[in-house]
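Shown next, in structure tokens, is the structure this report addresses.
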Amino acid sequence: MKIKEALKLNDPILITFIGGGGKTTTLFRLGEELSAEEQPILLTTTTSILMPPPSAYDLAIVTEDVAEAIRQVRNNENKGRILLGKNITTENKLKGFLPEEMDRIYKENRERWFLVEGDGSNGRSLKIPEDHEPQVPSFSSITVILIGADILGKEINKENVHRHHLIQPLTQRTQQYVDKSLIFDLISHPLGITKGIPEDSKKVILFNKISTQGKESLEILRGLSEEMINEGKDAPIHPQCRISSILLGEVQDKEPIIEIVGEDRWSALF
């Protein structure tokens, strides 16, 4: 199924993508789905992203002034896909507005979908947030936490896990490899990968890269997803860690979502 269907999207809201394992790809894929239905969208970040090709947007608004950003977005209602940022760095990265600034821009443009990348992972499939991370606007109705399925079995080091040095202090684990129990601990810890998300934001995990890892990974992550959802419902865990639903998918596939575990679950499509 499409990402839009999996997230049960109807009216325009602000959605933030954090974690690792395909945030930017997922953001622009959802943007394509909404754009195909001729819905107005704004593509942006509260950190920085590699400047996308011109074919990915209809208009780029680059300004460091919040009021000017609000004005330009409102004055371009006829543009379906707007890319917004503060400036473009010498590394060709688009730097975004701070979460509180993004809230101001969104409040004046609620008729448009806001798709926001709120985290950086240096291309890694698993990201452990530092104190100042992630950067999620308070108006984020849905926050999607990405984890790459290819991280299973990988060694815990800087090549595979962004901010890998934070795992041991967080979980008290000294293991060398990523397994499903470690991912469970990182999701369920209040300072883990669900931290920094507004209390009233719906939290959705997306395990990406499922198809390329095969049925074994699907079974492992399906089991982990069941455990995570049941733990959230049946045991007293920190409210910050409760997950609404978990998506299993391959964002670059024609039908990017394979299965949903959680509220109003769908049948497996794999």
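Labeling convention for the structure tokens: chains A, B, ... as they appear, residues from 1 per chain, ligands from 1 in order of appearance.
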* Asked: So which residues of stretch 32-124 of chain A fall under strand (DSSP E) by DSSP, listed as an MDAnalysis selection string?
  -> chainID A and resid 41:45 48:50 59:62 81:85 87:88 93:95 113:117
* For stretch 80-90 of chain A, please output as an NGL selection string all residues within 9 Å (counting only C-alpha atoms; exclusion window: fewer than 2 positions along the same chain). => :A and (31 or 35 or 38-46 or 48 or 51 or 56-66 or 69 or 73 or 76-78 or 92-97)
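Summary of the local environment: counting only C-alpha atoms, residues at most 7 Å from A:Val261, other than itself and those fewer than 4 positions away along its chain, are A:Ser225, A:Glu226, A:Ser245, A:Ile246, A:Leu247, A:Arg265.
Every residue of stretch 97-202 of chain A found in alpha helix (DSSP H) when DSSP is run on the backbone appears here: Pro99, Glu100, Glu101, Met102, Asp103, Arg104, Ile105, Tyr106, Lys107, Ile167, Gln168, Pro169, Leu170, Thr171, Lys180, Ser181, Leu182, Ile183, Phe184, Asp185, Leu186, Ile187 and Ser188 of chain A.
The list of residues with at least one atom within 10 Å of A:Leu248, based on only C-alpha atoms and without residues fewer than 2 positions apart in the same chain, reads Ile147, Ala149, Ile205, Leu206, Phe207, Asn208, Lys209, Ile210, Ser211, Leu218, Leu221, Arg222, Ser225, Ile246, Glu250, Val251, Pro256, Ile257, Ile258, Glu259, Ile260, Val261, Ala268 and Phe270 of chain A.
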* Asked: Which residues come within 6 Å of stretch 19-24 of chain A, counting only C-alpha atoms, excluding same-chain residues fewer than 2 positions away, as number ranges by chain?
  -> A: 17, 26-27, 121, 124-127, 145-148
Show me, as a PDB file with C-alpha atoms, in the first residue's frame, the residues that have an atom within 10 Å of A:Leu166 when counting only C-alpha atoms, minus same-chain residues fewer than 2 positions from it.
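Generated output (selection_22.pdb):
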ATOM      1  CA  LYS A 127      20.301   6.721  14.903  1.00  0.00           C
ATOM      2  CA  ILE A 128      20.635   7.365  18.648  1.00  0.00           C
ATOM      3  CA  PRO A 129      19.688  10.986  19.457  1.00  0.00           C
ATOM      4  CA  GLU A 130      22.037  13.385  21.187  1.00  0.00           C
ATOM      5  CA  VAL A 161      25.105   3.322  13.916  1.00  0.00           C
ATOM      6  CA  HIS A 162      25.000   7.112  14.157  1.00  0.00           C
ATOM      7  CA  ARG A 163      26.080   8.125  17.688  1.00  0.00           C
ATOM      8  CA  HIS A 164      26.779   4.490  18.542  1.00  0.00           C
ATOM      9  CA  GLN A 168      25.874   1.500  26.255  1.00  0.00           C
ATOM     10  CA  PRO A 169      25.079   4.382  28.679  1.00  0.00           C
ATOM     11  CA  LEU A 170      21.436   4.255  27.575  1.00  0.00           C
ATOM     12  CA  THR A 171      20.766   0.520  27.687  1.00  0.00           C
ATOM     13  CA  GLN A 172      23.577  -0.762  29.931  1.00  0.00           C
ATOM     14  CA  GLY A 192      16.016   6.569  23.272  1.00  0.00           C
TER      15      GLY A 192
END
* **Shell around A:Ile15 at 10 Å using only C-alpha atoms, local window under 4 positions removed, as a list in words** => Leu27, Trp113, Phe114, Leu115, Val116, Glu117, Gly118, Val136, Pro137, Phe139, Ser140, Ser141, Ile142, Thr143, Val144, Ser201 and Lys202 of chain A
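Compared by their closest atoms to A:Gly153, and using only C-alpha atoms, the residues A:Leu30, A:Ile197, A:Met102, A:Val178 rank with A:Val178 nearest.
Using only C-alpha atoms for every distance, the candidate list A:Arg74, A:Lys158, A:Arg242, A:Lys2 yields A:Arg242 as the residue closest to A:Val204.
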